[in-house]
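Novice: Input: one structure, supplied below.
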Amino acid sequence: MKTPSPEKPNPFDMPHKEMGWCPGCGNYKLLDSLKGALFELGIDRRNLVVVSGIGQGAKTPQYLNANMFNGLHGRSLPAALGIKLSNRNLTVIAESGDGCMYGEGGNHFLHAIRRNCDMTLIVHDNMVYGLTKGQASPTSLPGMKTPVQIDGVMLEPFNPLAVSLALNAPFIARASAGDEEETKEIIKQAISFRGFAVVDVFQPCVVFNRLNTYQWFRENTYYLPGDYDPADRMQAFAKAVETEKLPLGVIFREETRPVYEDLLGIGNTPLRSQEFREKAFEKMIAEYC
Amino acid sequence: MKTPSPEKPNPFDMPHKEMGWCPGCGNYKLLDSLKGALFELGIDRRNLVVVSGIGQGAKTPQYLNANMFNGLHGRSLPAALGIKLSNRNLTVIAESGDGCMYGEGGNHFLHAIRRNCDMTLIVHDNMVYGLTKGQASPTSLPGMKTPVQIDGVMLEPFNPLAVSLALNAPFIARASAGDEEETKEIIKQAISFRGFAVVDVFQPCVVFNRLNTYQWFRENTYYLPGDYDPADRMQAFAKAVETEKLPLGVIFREETRPVYEDLLGIGNTPLRSQEFREKAFEKMIAEYC
Amino acid sequence: MKNMRRYSNDISIVFGGAAGQGIQTIASALVSVLKRTGCHVFACTEFMSRVRGGSNSTQVRITGRKRHAYVHRIDFLFALNADALEHLKTRIAPTTIVFADKSQVPSTDEGLLVDAPITSFARQAGNPIYSNTAAVAVALGLLGIPQEGLDNYLREIFAGKGDAVVADNIEAARLGYAFGRQTALREEIEVEIAVEPEKNRPKELLLDGTAAVGIGAVAAGCTFISSYPMSPGTGVLTFLAQRSHEFNIVVDQAEDEISAVNTALGASYAGARAIVTTSGGGFALMEEGISLAGMTEVPLVVHLGQRPGPATGMPTRTEQADLNLVLHAGHGEFPRVILAPGTFAEAILLTQRAFQLADRYQLTAFVLTDQFFLDSTGSMAAAVVKREPIERHIVETDEEYMRYRFTPDGLSPRGVPGYGKGIVKCDSHEHDETGHLTENFETRRRMVEKRLRRIKALAAESLMPELVGGSADAPNIVVAWGSNRGVLEESLDTLQRADLAGLHFSQLYPFNPSVATLLKGKIVTVLENNASGQFADLLHRELAVSTANRILKWTGEPFSVEEVVEALREI
Amino acid sequence: MKNMRRYSNDISIVFGGAAGQGIQTIASALVSVLKRTGCHVFACTEFMSRVRGGSNSTQVRITGRKRHAYVHRIDFLFALNADALEHLKTRIAPTTIVFADKSQVPSTDEGLLVDAPITSFARQAGNPIYSNTAAVAVALGLLGIPQEGLDNYLREIFAGKGDAVVADNIEAARLGYAFGRQTALREEIEVEIAVEPEKNRPKELLLDGTAAVGIGAVAAGCTFISSYPMSPGTGVLTFLAQRSHEFNIVVDQAEDEISAVNTALGASYAGARAIVTTSGGGFALMEEGISLAGMTEVPLVVHLGQRPGPATGMPTRTEQADLNLVLHAGHGEFPRVILAPGTFAEAILLTQRAFQLADRYQLTAFVLTDQFFLDSTGSMAAAVVKREPIERHIVETDEEYMRYRFTPDGLSPRGVPGYGKGIVKCDSHEHDETGHLTENFETRRRMVEKRLRRIKALAAESLMPELVGGSADAPNIVVAWGSNRGVLEESLDTLQRADLAGLHFSQLYPFNPSVATLLKGKIVTVLENNASGQFADLLHRELAVSTANRILKWTGEPFSVEEVVEALREI
Ligand SMILES: Cc1ncc(C[n+]2csc(CCOP(=O)(O)OP(=O)(O)O)c2C)c(N)n1
Ligand SMILES: Cc1ncc(C[n+]2csc(CCOP(=O)(O)OP(=O)(O)O)c2C)c(N)n1
Ligand code: SF4
Ligand code: SF4
Ligand SMILES: [Mg+2]
Ligand SMILES: [Mg+2]
């Protein structure tokens with residue numbers, strides 16, 4: 001990793017903040033990948049807003065020296081939408097856990113993709129509810145026992161890649177937090193992509209998910225080959241529903257879909273600086289007279 | 001249609017109820033198809049519960065002589081789930097509009113499919129918010145102008161078939177309310193299917209959707225050929241994302257997925273009749289002593 | 001011998017028919033023409049929750065002075081179908097004159113039936129579609145208002161449709177008008193209407209409650225709305241969408257109400273002036289978001305158009321039963337402001353005020369209306385439309401910026417991302433001054449206090465209730481809030497009792513500390529459109545005011561002047 | 001010369017350390033052994049919202065009689081790391097004895113530091129993992145409680161792990177115990193603990209608040225739970241899941257809280273006895289569903305474990321600030337019941353009562369607890385665990401069945417689908433007797449009345465508050481609700497003032513009409529864990545009781561006995 005040097009430290013570091021994650025948690029690595037990506041892309045932290053919900057993964061912006069909207073469980077995407085539409089000059093990243101995004105926030109996930117704002121979604125997918133101590137999440141694998149799922153998980157796992165494809169998301173990727181360098185590169189692509197970029201990141205929870213460990217992810221994933229064509233939607237669907245081994249990398253990418261901000265005709269002036277249109281107001285009042 | 005005769009009237013008829021739909025609305029036809037299907041399947045109306053949300057399509061159970069749970073906008077599926085799990089002998093049909101099911105209720109749609117209860121979902125998909133007078137719905141086609149979408153709809157339409165497939169729904173069909181006979185047959189298959197059956201029904205709204213009329217649906221749909229194999233998931237996905245002409249019929253069908261009631265080990269005794277387990281209770285108390 | 005029928009400066013015309021038959025179009029044409037002619041008009045409407053069919057009606061009142069209330073009485077009923085008579089039967093009195101096509105409405109139990117072959121006038125003029133025009137003309141003829149105003153109106157409205165359409169409509173109007181006049185003469189109907197001569201007339205707006213709230217939002221420089229349709233709140237969304245080009249308003253129809261409120265909060269965090277509009281059921285879904293606004297101190301305006309609950313209730317009817325809901329919305333403790341306009345002018349001013357207070361105090365400000373208010377139409381003086389200066393209280397941040405800095409008044413300077421050298425951390429957890437989550441008990445204690453402290457300053461500048469009839473010395477005070485201002489005012493006017501005065505609250509929370517003195521020692525009656533007397537309870541809780549009488553109504557209809565007069569007689 | 005240290009029948013032991021270090025395991029072992037030995041124990045815990053690290057602590061109290069309250073004072077502190085000292089510094093007094101490994105905790109500012117090489121005892125016994133056992137043993141040695149109880153406990157707990165593990169643990173215990181005893185002798189620590197001789201002891205349960213609510217639900221024949229995890233409400237979901245096989249309970253973890261409440265309502269409609277459990281933020285999302293329950297008259301029980309808000313607030317801390325929320329939850333007007341247990345016995349009984357009332361009156365019954373209550377552990381007499389007969393009030397329908405039949409008491413016989421010859425139509429709209437949507441105003445008027453009428457009967461059988469100290473004649477009444485029962489009781493006991501009495505409310509709404517007389521003419525002080533005094537406001541609104549003093553706390557911590565005593569001294 002092109003690491004920040006003492007002469008050029010990573011401006012996103014927040015060294016003095018005590019962190020709430022367990023030792024060994026995959027979130028540390030993911031945070032590093034994210035900070036690395038932001039650094040390498042040369043993003044101005046004052047123009048970056050990291051939006052999150054509630055959960056362990058959702059604590060990410062607490063440990064990042066940038067603007068933060070740490071909102072409600074499940075509601076990061078609506079907040080991110082409001083932020084982006086109010087000031088399109090901001091780089092907006094929504095960040096949350098699998099439960100937050102696909103459980104409580106499932107409806108927003110669907111409709112955020114439909115809107116296609118230019119923002120990045122990074123899901124800390126540990127296949128479990130970490131913060132609330134180990135219940136099944138939408139991506140938990142069938143059979144996993146938890147204090148609530150005493151007979152093991154019974155629901156079909158939520159497949160974020162396949163659903164994103166079904167919704168015609170223009171950028172869909174999967175990463176694995178254990179692989180910091182690769183994850184950083186995927187995140188860089190996602191942030192640079194013009195449109196709504198979905199990145200589902202496998203993130204080991206070393207306390208509550210004893211099934212999907214670092215090793216499990218290493219053994220059950222593979223990177224898409226260099227000649228993989230991410231423009232082919234049917235092939236992407238085939239990849240998305242693979243279960244034997246889980247593909248990593250950019251699974252689908254389509255450059256041409258217009259972004260919502262453009263369709264809405266939003267200009268570069270942030271809404272906060274917009275001038276009041278006196279003339280139009282008088283004209284409107286006159287219409288009622 | 002094997003219509004009910006004067007000697008054997010359709011027990012689901014409610015002749016004296018004034019109906020709230022506009023003349024010519026596709027909901028009348030869909031209601032007839034549904035009643036026909038119920039009649040032909042010989043379902044006992046006292047063991048049928050039709051659950052709906054709020055909207056024009058959601059008024060359906062008001063006009064059907066059967067048990068009804070007409071709940072909140074967007075929330076038919078959770079209520080249907082509670083009903084089915086409490087008494088699996090009941091036939092449960094959830095019925096609502098496209099806005100109700102894919103907009104307000106989108107999250108429940110996702111997770112109901114994941115659970116795979118044995119019930120039927122019929123969506124009155126008129127590609128518009130009817131009851132609230134013509135705003136865009138999740139399935140509205142881009143470009144459609146409405147009082148709120150004054151520059152036309154900009155969002156990617158929600159594709160219920162593709163999303164259902166992505167979620168591994170075991171029965172996915174599309175019907176067109178204009179075709180009463182075909183729709184009835186599809187509904188019969190869906191109700192008879194053991195598992196969660198999704199039926200998206202094109203339903204012309206003659207007042208607020210001037211784009212997707214009876215004629216438009218006739219011209220822009222076709223029935224899947226007899227030799228179409230609904231067991232092939234990849235092919236089904238290809239069908240689901242077709243936009244030139246929209247396929248009708250059973251797009252995907254997989255017989256083997258276990259239903260949630262079975263996985264939960266729910267027996268035939270309705271929960272209301274369950275005996276209190278005194279012995280177990282005493283044993284539990286003893287554990288705390 | 002026939003009795004002469006005299007109507008003086010208080011006329012109630014009702015149009016009844018099915019959804020889709022055009023009664024709204026008729027009423028709004030009539031109201032427009034009357035307003036331009038210089039009459040005081042008011043219209044309100046009641047309709048079923050369906051798009052076609054059913055039985056709806058719109059009342060148009062012409063009065064000697066401005067009124068903003070519904071009357072039970074019908075003087076002239078235009079029944080567009082037979083069901084209308086059934087639907088309105090309790091309101092048809094022997095004095096009511098019913099205009100209907102006899103082929104459709106053969107008879108009426110009460111009142112005088114006048115065969116008005118309106119459709120045939122339209123057909124004569126070229127097309128049954130002109131029936132609406134003919135109907136308006138009949139009414140104008142009956143009232144003796146010159147036809148000219150209607151002709152001008154038709155020219156404007158149909159300008160885009162070509163001269164032939166205009167001419168045909170004017171012809172339909174001529175036929176209808178003539179019929180109306182003839183009927184008046186034949187039935188000895190004498191109508192007296194105070195018409196302000198043109199030169200004396202102040203410039204006036206004609207609008208409905210929805211537009212008034214919408215204009216208020218525009219005037220406040222609202223730049224963002226995210227909402228999910230729900231009657232009767234949808235109108236404000238539609239209004240702002242329709243005006244979005246002119247005022248560069250970002251409009252996002254959300255997938256659900258939860259999204260709507262969180263999107264608006266994101267927008268507001270980033271510096272937009274944001275509003276959401278909804279009704280009780282949709283608002284119930286927003287409550288967690290309201291609590292988020294409370295914790296994060298992100299300004300927000302919520303317009304809530306009330307309708308009868310619980311649950312889906314009666315989607316197109318009216319009620320005032322969501323006061324407790326907004327008063328206690330959201331878990332945990334945090335301040336809020338509740339405004340409830342009683343006139344269109346108030347709606348314009350108070351919606352602006354809601355934005356100002358939201359920004360100044362960094363909290364949620366509610367504009368609480370109801371279906372009756374939103375769907376009522378009337379006129380107001382243009383001079384009243386004041387634009388308050390837009391104060392955003394947004395600061396440019398420096399490197400040391402902390403979003404939740406402790407200050408004496410509890411208000412931390414508000415920065416927004418991308419404006420200045422600092423960063424803005426906004427947190428749903430309990431947080432320290434920088435906005436990072438904390439579990440420090442002392443910080444918690446201080447942050448709760450900080451958030452609550454502003455209540456005091458807020459209360460100090462709270463609007464005082466207004467005397468809307470009688471004198472402040474009267475021993476009996478009748479209290480109303482929100483949309484009941486008009487009916488209280490008119491009822492008191494009708495009664496003219498020296499021992500009765502009316503007090504109207506347009507700010508429901510917090511109360512100005514001076515309010516207590518107004519009610520001290522009075523016999524208090526509270527008038528509200530709900531079953532439990534929520535505002536009466538609030539007066540008791542906040543000001544220890546005991547309510548002697550509660551005049552309540554919860555049928556889904558607004559109060560009529562008659563029933564309020566009746567109820568007040570008992571006091 | 002050293003001072004003798006004497007502790008008599010009120011000992012506070014605190015274990016402090018990081019999440020994951022096992023303080024909960026230690027405390028619960030200690031509590032179990034003490035309970036079996038015949039001591040009165042109570043434990044409560046405070047922890048950060050994280051899974052590993054941070055600073056948490058658990059207090060174990062051994063008292064002369066049953067107590068259910070937190071004390072600020074620490075007699076013996078077991079500090080598992082250095083942070084614990086920092087975290088608890090305000091509670092470490094000169095009299096506190098701190099047990100810690102000196103290699104980790106070299107010194108303490110206040111109190112006496114005892115080097116307790118607990119890990120080395122464990123290591124000596126074979127494995128550092130036995131530290132928890134050694135720690136418990138040190139405490140028991142210190143207290144002079146025979147080691148036998150611990151040995152038995154270890155045999156039970158580790159039965160499944162083989163004899164070697166049991167033997168090693170017992171060895172670790174021996175080492176720890178000896179150290180504890182030696183320390184007591186060396187430091188002249190004299191501990192007096194009232195131990196009930198075995199034959200006198202009534203059978204007792206040892207449980208926490210979560211289990212008490214869970215047992216109540218099981219006892220009520222609850223057959224259905226659908227919920228979404230949220231601290232501190234999750235425990236009840238876990239409890240019922242764990243017991244789901246034994247009691248055939250259908251458990252569905254919902255995708256969100258909206259689904260949870262609507263699923264539960266579907267289940268209840270179909271005849272299940274259904275509960276949802278959540279906290280304030282999750283409950284805010286359920287409010288539309290609560291309104292649906294109100295309209296449809298479908299019975300529902302909601303357990304709400306309170307934590308500090310607004311928004312995410314402090315997920316693992318305690319507060320009583322959601323009373324107003326449940327009181328006014330949901331749009332529109334409909335009745336509800338709010339119960340708030342103050343003891344574990346009450347939790348068992350009132351949770352049952354909630355189900356009974358929900359079924360009898362066809363409404364939502366709330367069980368309102370909080371983190372402090374749910375995470376507290378103590379003992380209660382087994383004889384108190386009463387099972388009320390389960391009354392479902394479900395009828396077999398006939399052909400003419402109408403779900404919303406008008407009856408004198410407003411309660412329509414409840415049918416469920418698939419049981420009888422009729423059909424059951426349940427409607428979120430305003431409806432007629434058959435359950436079909438209606439827009440008839442008169443039906444609306446009657447249906448609202450029907451729904452509200454039951455408040456009267458409900459109030460008549462509402463639980464009276466209980467006197468928890470002092471006499472009913474005392475001029476000063478201190479009121480508490482829910483989890484503050486224990487702290488009020490103990491504070492009054494401490495003060496022993498004839499002019500002070502305590503009144504504890506376990507039913508918060510509706511009030512029994514007789515309550516007013518208890519408070520009449522009294523100087524009322526209300527004690528509650530929130531910043532605004534919500535219950536005091538409710539007393540004022542409902543009973544016109546003015547509160548002279550409010551003792552409030554909103555730091556996220558429970559009241560300590562000391563601070564309540566202090567506050568009451570001022571009265
Ligand atoms: C409305 C609401 N419901 C529930 C919660 C409790 N809660 C906090 S985090 C969480 C789930 C965490 O799982 P996930 O999103 O996967 O994040 P992780 O901790 O695994 O990173 C839940 C249920 C909440 N804060 N708000
Ligand atoms: C929580 C909530 N939000 C909004 C509404 C208002 N509402 C009623 S029906 C409807 C949409 C109807 O659209 P759809 O579901 O497609 O049904 P249709 O009328 O087209 O059949 C809306 C937004 C409501 N009743 N409840
Ligand atoms: S509980 Fe799991 S996800 Fe949460 S911090 Fe610990 S290891 Fe990470
Ligand atoms: S508005 Fe549309 S969907 Fe609703 S009843 Fe009329 S035609 Fe049917
Ligand atoms: Mg997770
Ligand atoms: Mg629709």
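Identifiers for the structure tokens are assigned positionally: chains receive A, B, ... in sequence, residues are indexed from 1 per chain, and ligands are indexed from 1 in the order shown.
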Based on only C-alpha atoms, which of the residues in chain A come within 7 Å of chain C? I want them as JSON, numbers by chain.

Specialist: {"A": [46, 47, 62, 66, 67, 68, 69, 70, 71, 72, 75, 78, 79, 80, 81, 82, 83, 86, 87, 90, 108, 111, 271, 272, 276, 277, 280, 288, 289]}

Novice: Produce as a ChimeraX atom specification the set of residues near ligand 4, where near means within 10 Å with only C-alpha atoms and all ligand atoms considered.

Specialist: /B:19-28,55-59,97,124-134,203-210 /C:50-53

Novice: List every residue of region 159-309 of chain D that DSSP, applied to the backbone of this structure, assigns to helix (DSSP H, G or I), and report them as a ChimeraX atom specification.

Specialist: /D:159-161,163-186,198-200,209-219,234-242,244-247,257-269,280-296

Novice: Using only C-alpha atoms, which chain D residues lie at most 7 Å away from chain C, written as a ChimeraX atom specification?

Specialist: /D:280-281,284-285,287-288,291-292,294-295,308-314,321-322,324-325,328-333,428-430,439,441-442,444-445,537,540-541,554-556

Novice: Pull out every residue of chain A that has at least one atom within 6 Å of chain B, counting only C-alpha atoms, and report them as a PyMOL selection string.

Specialist: chain A and resi 106-107+114-115+155-156+162-163+166

Novice: For the residues in the current selection, export all heavy atoms as an mmCIF file, in the first residue's frame.

Specialist:
data_model
loop_
_atom_site.group_PDB
_atom_site.id
_atom_site.type_symbol
_atom_site.label_atom_id
_atom_site.label_comp_id
_atom_site.auth_asym_id
_atom_site.auth_seq_id
_atom_site.Cartn_x
_atom_site.Cartn_y
_atom_site.Cartn_z
ATOM 1 N N GLY A 106 -33.298 -2.209 4.252
ATOM 2 C CA GLY A 106 -33.476 -2.861 2.947
ATOM 3 C C GLY A 106 -34.228 -2.025 1.921
ATOM 4 O O GLY A 106 -33.864 -1.985 0.744
ATOM 5 N N ASN A 107 -35.267 -1.353 2.372
ATOM 6 C CA ASN A 107 -36.061 -0.600 1.398
ATOM 7 C C ASN A 107 -35.255 0.551 0.804
ATOM 8 O O ASN A 107 -35.367 0.847 -0.383
ATOM 9 C CB ASN A 107 -37.340 -0.073 2.051
ATOM 10 C CG ASN A 107 -38.443 0.154 1.042
ATOM 11 O OD1 ASN A 107 -38.507 -0.534 0.013
ATOM 12 N ND2 ASN A 107 -39.309 1.119 1.303
ATOM 13 N N ARG A 114 -32.111 2.569 -7.389
ATOM 14 C CA ARG A 114 -32.965 3.070 -8.470
ATOM 15 C C ARG A 114 -32.647 4.534 -8.793
ATOM 16 O O ARG A 114 -32.722 4.956 -9.947
ATOM 17 C CB ARG A 114 -34.444 2.934 -8.105
ATOM 18 C CG ARG A 114 -34.916 1.483 -7.982
ATOM 19 C CD ARG A 114 -36.406 1.423 -7.686
ATOM 20 N NE ARG A 114 -37.140 2.203 -8.661
ATOM 21 C CZ ARG A 114 -38.097 3.088 -8.389
ATOM 22 N NH1 ARG A 114 -38.467 3.286 -7.132
ATOM 23 N NH2 ARG A 114 -38.682 3.762 -9.346
ATOM 24 N N ARG A 115 -32.319 5.310 -7.774
ATOM 25 C CA ARG A 115 -32.054 6.734 -8.021
ATOM 26 C C ARG A 115 -30.715 6.960 -8.726
ATOM 27 O O ARG A 115 -30.566 7.880 -9.490
ATOM 28 C CB ARG A 115 -32.032 7.502 -6.699
ATOM 29 C CG ARG A 115 -33.414 7.755 -6.133
ATOM 30 C CD ARG A 115 -33.341 8.731 -4.992
ATOM 31 N NE ARG A 115 -34.652 8.884 -4.377
ATOM 32 C CZ ARG A 115 -35.173 8.061 -3.478
ATOM 33 N NH1 ARG A 115 -34.477 7.039 -3.053
ATOM 34 N NH2 ARG A 115 -36.369 8.278 -2.996
ATOM 35 N N LEU A 155 -33.563 -18.783 6.987
ATOM 36 C CA LEU A 155 -33.952 -17.966 5.839
ATOM 37 C C LEU A 155 -32.888 -18.031 4.752
ATOM 38 O O LEU A 155 -31.691 -18.159 5.035
ATOM 39 C CB LEU A 155 -34.154 -16.512 6.264
ATOM 40 C CG LEU A 155 -35.507 -16.164 6.859
ATOM 41 C CD1 LEU A 155 -35.724 -16.875 8.179
ATOM 42 C CD2 LEU A 155 -35.632 -14.658 7.051
ATOM 43 N N GLU A 156 -33.351 -17.931 3.540
ATOM 44 C CA GLU A 156 -32.466 -17.810 2.383
ATOM 45 C C GLU A 156 -31.608 -16.557 2.591
ATOM 46 O O GLU A 156 -32.133 -15.487 2.867
ATOM 47 C CB GLU A 156 -33.357 -17.648 1.147
ATOM 48 C CG GLU A 156 -32.654 -17.418 -0.148
ATOM 49 C CD GLU A 156 -32.073 -18.696 -0.739
ATOM 50 O OE1 GLU A 156 -32.467 -19.806 -0.324
ATOM 51 O OE2 GLU A 156 -31.193 -18.563 -1.621
ATOM 52 N N ALA A 162 -26.769 -9.967 -6.372
ATOM 53 C CA ALA A 162 -27.837 -10.330 -7.299
ATOM 54 C C ALA A 162 -28.966 -9.306 -7.253
ATOM 55 O O ALA A 162 -29.511 -8.913 -8.292
ATOM 56 C CB ALA A 162 -28.357 -11.727 -6.972
ATOM 57 N N VAL A 163 -29.290 -8.861 -6.051
ATOM 58 C CA VAL A 163 -30.372 -7.881 -5.947
ATOM 59 C C VAL A 163 -29.945 -6.566 -6.611
ATOM 60 O O VAL A 163 -30.723 -5.937 -7.333
ATOM 61 C CB VAL A 163 -30.786 -7.669 -4.472
ATOM 62 C CG1 VAL A 163 -31.754 -6.501 -4.335
ATOM 63 C CG2 VAL A 163 -31.416 -8.945 -3.916
ATOM 64 N N ALA A 166 -30.355 -7.015 -10.212
ATOM 65 C CA ALA A 166 -31.776 -7.032 -10.591
ATOM 66 C C ALA A 166 -32.314 -5.610 -10.663
ATOM 67 O O ALA A 166 -33.205 -5.299 -11.450
ATOM 68 C CB ALA A 166 -32.571 -7.854 -9.584
#
